[in-house]
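Participant: You'll find input.tsv just under this line, and it carries TSV, C-alpha atoms.
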chain	number	residue	atom	x	y	z
A	283	MET	CA	109.78	90.60	104.89
A	284	CYS	CA	110.08	91.67	101.28
A	285	GLN	CA	106.29	91.50	100.88
A	286	LEU	CA	105.98	93.89	103.82
A	287	ILE	CA	108.32	96.30	102.03
A	288	ARG	CA	106.21	96.02	98.88
A	289	TRP	CA	103.01	96.87	100.77
A	290	GLY	CA	104.82	99.78	102.44
A	291	ILE	CA	105.74	101.13	99.01
A	292	VAL	CA	102.13	100.78	97.88
A	293	PHE	CA	100.91	102.77	100.88
A	294	LEU	CA	103.62	105.41	100.38
A	295	LEU	CA	102.39	105.70	96.81
A	296	LEU	CA	98.70	105.80	97.57
A	297	ILE	CA	98.49	108.19	100.52
A	298	PRO	CA	99.82	111.31	98.75
A	299	CYS	CA	98.07	110.31	95.51
A	300	ALA	CA	94.74	109.95	97.33
A	301	ILE	CA	95.10	113.37	98.92
A	302	THR	CA	95.96	114.95	95.57
A	303	ASP	CA	93.09	113.15	93.86
A	304	ILE	CA	90.61	114.43	96.44
A	305	LYS	CA	91.88	118.02	96.28
A	306	LYS	CA	92.77	118.45	92.61
A	307	ARG	CA	91.26	115.43	90.83
A	308	GLN	CA	94.75	114.59	89.56
A	309	VAL	CA	97.28	111.83	90.12
A	310	ASN	CA	100.99	112.62	90.27
A	311	ILE	CA	102.48	110.65	87.37
A	312	ILE	CA	106.08	111.31	88.45
A	313	TRP	CA	105.45	109.82	91.90
A	314	ILE	CA	103.77	106.80	90.30
A	315	GLY	CA	106.75	106.32	87.96
A	316	ILE	CA	109.23	106.45	90.83
A	317	CYS	CA	107.29	103.87	92.82
A	318	ALA	CA	106.96	101.60	89.76
A	319	MET	CA	110.73	101.76	89.25
A	320	VAL	CA	111.26	100.84	92.90
A	321	GLY	CA	108.92	97.88	92.42
A	322	ILE	CA	110.93	96.72	89.39
A	323	ILE	CA	114.18	97.15	91.31
A	324	LEU	CA	112.77	94.92	94.08
A	325	TRP	CA	112.03	92.23	91.49
A	326	VAL	CA	115.61	92.48	90.19
A	327	VAL	CA	117.09	92.35	93.72
A	328	GLU	CA	115.05	89.23	94.44
A	329	ALA	CA	116.44	87.75	91.18
A	330	ARG	CA	112.90	87.06	90.04
A	331	PHE	CA	112.84	89.54	87.19
A	332	GLY	CA	111.61	88.25	83.89
A	333	PHE	CA	108.93	88.82	81.31
A	334	HIS	CA	106.25	87.65	83.77
A	335	VAL	CA	106.87	90.75	85.91
A	336	LEU	CA	105.62	92.91	83.06
A	337	LEU	CA	102.41	90.88	83.04
A	338	TYR	CA	101.82	92.13	86.60
A	339	SER	CA	100.92	95.48	85.10
A	340	LEU	CA	98.25	93.88	82.92
A	341	ILE	CA	95.36	95.09	85.11
A	342	GLY	CA	96.37	98.71	84.51
A	343	VAL	CA	96.77	98.12	80.78
A	344	ILE	CA	93.26	96.66	80.63
A	345	LEU	CA	92.01	99.75	82.49
A	346	MET	CA	93.67	101.91	79.82
A	347	GLY	CA	91.52	100.19	77.20
A	348	ILE	CA	88.43	100.74	79.32
A	349	SER	CA	89.42	104.39	79.75
A	350	LYS	CA	89.61	104.84	75.99
A	351	LEU	CA	86.28	103.10	75.45
A	352	SER	CA	84.58	105.11	78.20
A	353	ARG	CA	86.03	108.39	76.84
A	354	GLY	CA	87.92	109.15	80.02
A	355	GLY	CA	85.45	107.77	82.57
A	356	ILE	CA	88.50	106.28	84.21
A	357	GLY	CA	91.41	108.69	84.14
A	358	MET	CA	94.77	107.71	82.68
A	359	GLY	CA	96.39	108.57	86.02
A	360	ASP	CA	94.27	105.85	87.63
A	361	CYS	CA	95.44	103.43	84.96
A	362	TYR	CA	99.10	104.30	85.54
A	363	LEU	CA	98.50	103.92	89.26
A	364	MET	CA	97.16	100.39	88.82
A	365	ILE	CA	100.12	99.53	86.56
A	366	SER	CA	102.48	100.73	89.28
A	367	ILE	CA	100.67	98.77	91.98
A	368	GLY	CA	100.76	95.67	89.78
A	369	LEU	CA	104.51	96.03	89.30
A	370	ILE	CA	105.01	96.37	93.04
A	371	ILE	CA	102.77	93.65	94.50
A	372	GLY	CA	101.67	91.49	91.57
A	373	TRP	CA	98.53	91.05	89.52
A	374	GLN	CA	96.58	88.93	92.00
A	375	TYR	CA	96.55	91.56	94.75
A	376	THR	CA	96.06	94.31	92.18
A	377	LEU	CA	92.97	92.57	90.86
A	378	LEU	CA	91.55	92.28	94.38
A	379	ILE	CA	92.33	95.95	95.05
A	380	LEU	CA	90.60	96.97	91.83
A	381	PHE	CA	87.58	94.82	92.70
A	382	TYR	CA	87.14	96.36	96.16
A	383	ALA	CA	87.82	99.89	94.89
A	384	LEU	CA	85.21	99.52	92.15
A	385	ILE	CA	82.67	98.24	94.68
A	386	GLY	CA	83.33	101.31	96.87
A	387	THR	CA	83.05	103.79	94.03
A	388	SER	CA	79.93	102.04	92.72
A	389	ILE	CA	78.21	102.36	96.08
A	390	ILE	CA	79.06	106.06	96.29
A	391	GLY	CA	78.03	106.52	92.66
A	392	VAL	CA	74.63	104.93	93.25
A	393	ILE	CA	74.11	107.08	96.36
A	394	GLY	CA	75.03	110.13	94.27
A	395	LEU	CA	72.49	109.18	91.61
A	396	ILE	CA	69.77	108.65	94.21
A	397	LYS	CA	70.51	112.04	95.78
A	398	LYS	CA	70.81	113.52	92.27
A	399	LYS	CA	74.33	114.74	92.96
A	400	THR	CA	76.24	113.65	89.92
A	401	LYS	CA	79.86	114.66	90.04
A	402	GLU	CA	83.26	113.11	89.52
A	403	ILE	CA	84.31	110.59	92.13
A	404	PRO	CA	88.02	110.49	92.98
A	405	PHE	CA	89.12	106.87	92.51
A	406	VAL	CA	92.46	106.79	94.36
A	407	PRO	CA	91.01	107.11	97.89
A	408	TYR	CA	88.99	103.96	97.21
A	409	VAL	CA	92.12	102.25	95.90
A	410	LEU	CA	93.84	103.18	99.17
A	411	ILE	CA	90.99	101.80	101.28
A	412	ALA	CA	90.87	98.66	99.13
A	413	SER	CA	94.63	98.22	99.52
A	414	VAL	CA	94.32	98.29	103.29
A	415	ILE	CA	91.51	95.73	103.13
A	416	VAL	CA	93.45	93.43	100.79
A	417	CYS	CA	96.66	93.77	102.80
A	418	PHE	CA	94.98	92.75	106.04
A	419	LEU	CA	92.60	90.13	104.67
A	420	TYR	CA	94.95	88.32	102.31
A	421	GLN	CA	98.36	88.60	103.97
Would you mind writing the file out in structure tokens?

Facilitator:
Amino acid sequence: MCQLIRWGIVFLLLIPCAITDIKKRQVNIIWIGICAMVGIILWVVEARFGFHVLLYSLIGVILMGISKLSRGGIGMGDCYLMISIGLIIGWQYTLLILFYALIGTSIIGVIGLIKKKTKEIPFVPYVLIASVIVCFLYQ
């Protein structure tokens, strides 16, 4: 039951963030922070809080390094989003979500290059789609 609540929080986080990312190419950091805090509170309520919970955000931290190396190719909002998701559902699911989201954006990116339409691709909608896939395939 608690895992269902965690996935619900992830979807509540991703839906408005995906809409904002499509419209404004931004991610609401305040909303991400609130959801991350709720994820941490769930860990505390389950009496499973410890240092290992912070490791669940490792995927997002690695993305931050990639963002710095790629000079902003991946936005910091996307990194914070992945940290928040990791805190809510754990690193294993977050890694799967990132994998599927990167596949989706890569396909669209290649299509954009073929059609010679190079523009920014909002990442959060692909994270949302990947979350739905991971939730239904791996739960």

Participant: Counting all atoms listed in the file, which residues have an atom no more than 12 Å from (85.5, 97.7, 91.3) in the file's coordinates? Please list them as a PDB file with C-alpha atoms, keeping the file's coordinate frame.

Facilitator:
ATOM      1  CA  ILE A 341      95.360  95.090  85.110  1.00  0.00           C
ATOM      2  CA  LEU A 345      92.010  99.750  82.490  1.00  0.00           C
ATOM      3  CA  ILE A 356      88.500 106.280  84.210  1.00  0.00           C
ATOM      4  CA  THR A 376      96.060  94.310  92.180  1.00  0.00           C
ATOM      5  CA  LEU A 377      92.970  92.570  90.860  1.00  0.00           C
ATOM      6  CA  LEU A 378      91.550  92.280  94.380  1.00  0.00           C
ATOM      7  CA  ILE A 379      92.330  95.950  95.050  1.00  0.00           C
ATOM      8  CA  LEU A 380      90.600  96.970  91.830  1.00  0.00           C
ATOM      9  CA  PHE A 381      87.580  94.820  92.700  1.00  0.00           C
ATOM     10  CA  TYR A 382      87.140  96.360  96.160  1.00  0.00           C
ATOM     11  CA  ALA A 383      87.820  99.890  94.890  1.00  0.00           C
ATOM     12  CA  LEU A 384      85.210  99.520  92.150  1.00  0.00           C
ATOM     13  CA  ILE A 385      82.670  98.240  94.680  1.00  0.00           C
ATOM     14  CA  GLY A 386      83.330 101.310  96.870  1.00  0.00           C
ATOM     15  CA  THR A 387      83.050 103.790  94.030  1.00  0.00           C
ATOM     16  CA  SER A 388      79.930 102.040  92.720  1.00  0.00           C
ATOM     17  CA  ILE A 389      78.210 102.360  96.080  1.00  0.00           C
ATOM     18  CA  ILE A 390      79.060 106.060  96.290  1.00  0.00           C
ATOM     19  CA  GLY A 391      78.030 106.520  92.660  1.00  0.00           C
ATOM     20  CA  PHE A 405      89.120 106.870  92.510  1.00  0.00           C
ATOM     21  CA  VAL A 406      92.460 106.790  94.360  1.00  0.00           C
ATOM     22  CA  TYR A 408      88.990 103.960  97.210  1.00  0.00           C
ATOM     23  CA  VAL A 409      92.120 102.250  95.900  1.00  0.00           C
ATOM     24  CA  ALA A 412      90.870  98.660  99.130  1.00  0.00           C
TER      25      ALA A 412
END

Participant: Would you tabulate, counting only C-alpha atoms, all residues of stretch 347-417 of chain A that have an atom at most 6 Å from an atom of stretch 307-322 of chain A, showing the closest pair of atoms and their distance in Å to one decimal, sorted by chain then ascending number, as JSON lines?

Facilitator:
{"residue": "A:Gly359", "atom": "CA", "partner": "A:Val309", "partner_atom": "CA", "distance": 5.3}
{"residue": "A:Ser366", "atom": "CA", "partner": "A:Ala318", "partner_atom": "CA", "distance": 4.6}
{"residue": "A:Leu369", "atom": "CA", "partner": "A:Gly321", "partner_atom": "CA", "distance": 5.7}
{"residue": "A:Ile370", "atom": "CA", "partner": "A:Gly321", "partner_atom": "CA", "distance": 4.2}

Participant: Could you list, as JSON, numbers by chain, every residue within 8 Å of stretch 414-417 of chain A, counting all atoms listed in the file and ignoring same-chain residues fewer than 3 positions away?

Facilitator: {"A": [289, 375, 378, 379, 410, 411, 420, 421]}

Participant: Measure the distance from atom CA of A:Leu324 to atom CA of A:Cys284 in Å and round it to one decimal.

Facilitator: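 These two atoms are separated by 8.3 Å.
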
Participant: Any idea what the distance is between atom CA of A:Glu402 and atom CA of A:Val292?

Facilitator: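 Separation between atom CA of A:Glu402 and atom CA of A:Val292: 24.0 Å.
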
Participant: Could you tell me which of A:Thr302, A:Gln285, A:Ser413, A:Gln374 comes closest to A:Tyr338 if we count only C-alpha atoms?

Facilitator: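 Looking at the shortest contact to A:Tyr338, the residue is A:Gln374.
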
Participant: May I have the residues within 12 Å of A:Ile348 as a ChimeraX atom specification, using all atoms listed in the file and disregarding those fewer than 5 positions away in the same chain?

Facilitator: /A:341-343,353-358,360-361

Participant: Just the number, please: distance in Å from atom CA of A:Arg288 to atom CA of A:Ile371, one decimal.

Facilitator: 6.1 Å

Participant: Which residue gives the smallest distance to A:Gly347 among A:Tyr362, A:Lys306, A:Pro404, A:Leu395, with all atoms listed in the file counted?

Facilitator: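 For A:Gly347, the nearest of the given residues is A:Tyr362.
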
Participant: Identify which of the residues A:Pro407, A:Leu419, A:Trp325, A:Lys350 lies closest to A:Leu296, counting all atoms listed in the file when measuring atom-to-atom distances.

Facilitator: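 Checking each of A:Pro407, A:Leu419, A:Trp325, A:Lys350 against A:Leu296, counting all atoms listed in the file, the winner is A:Pro407.
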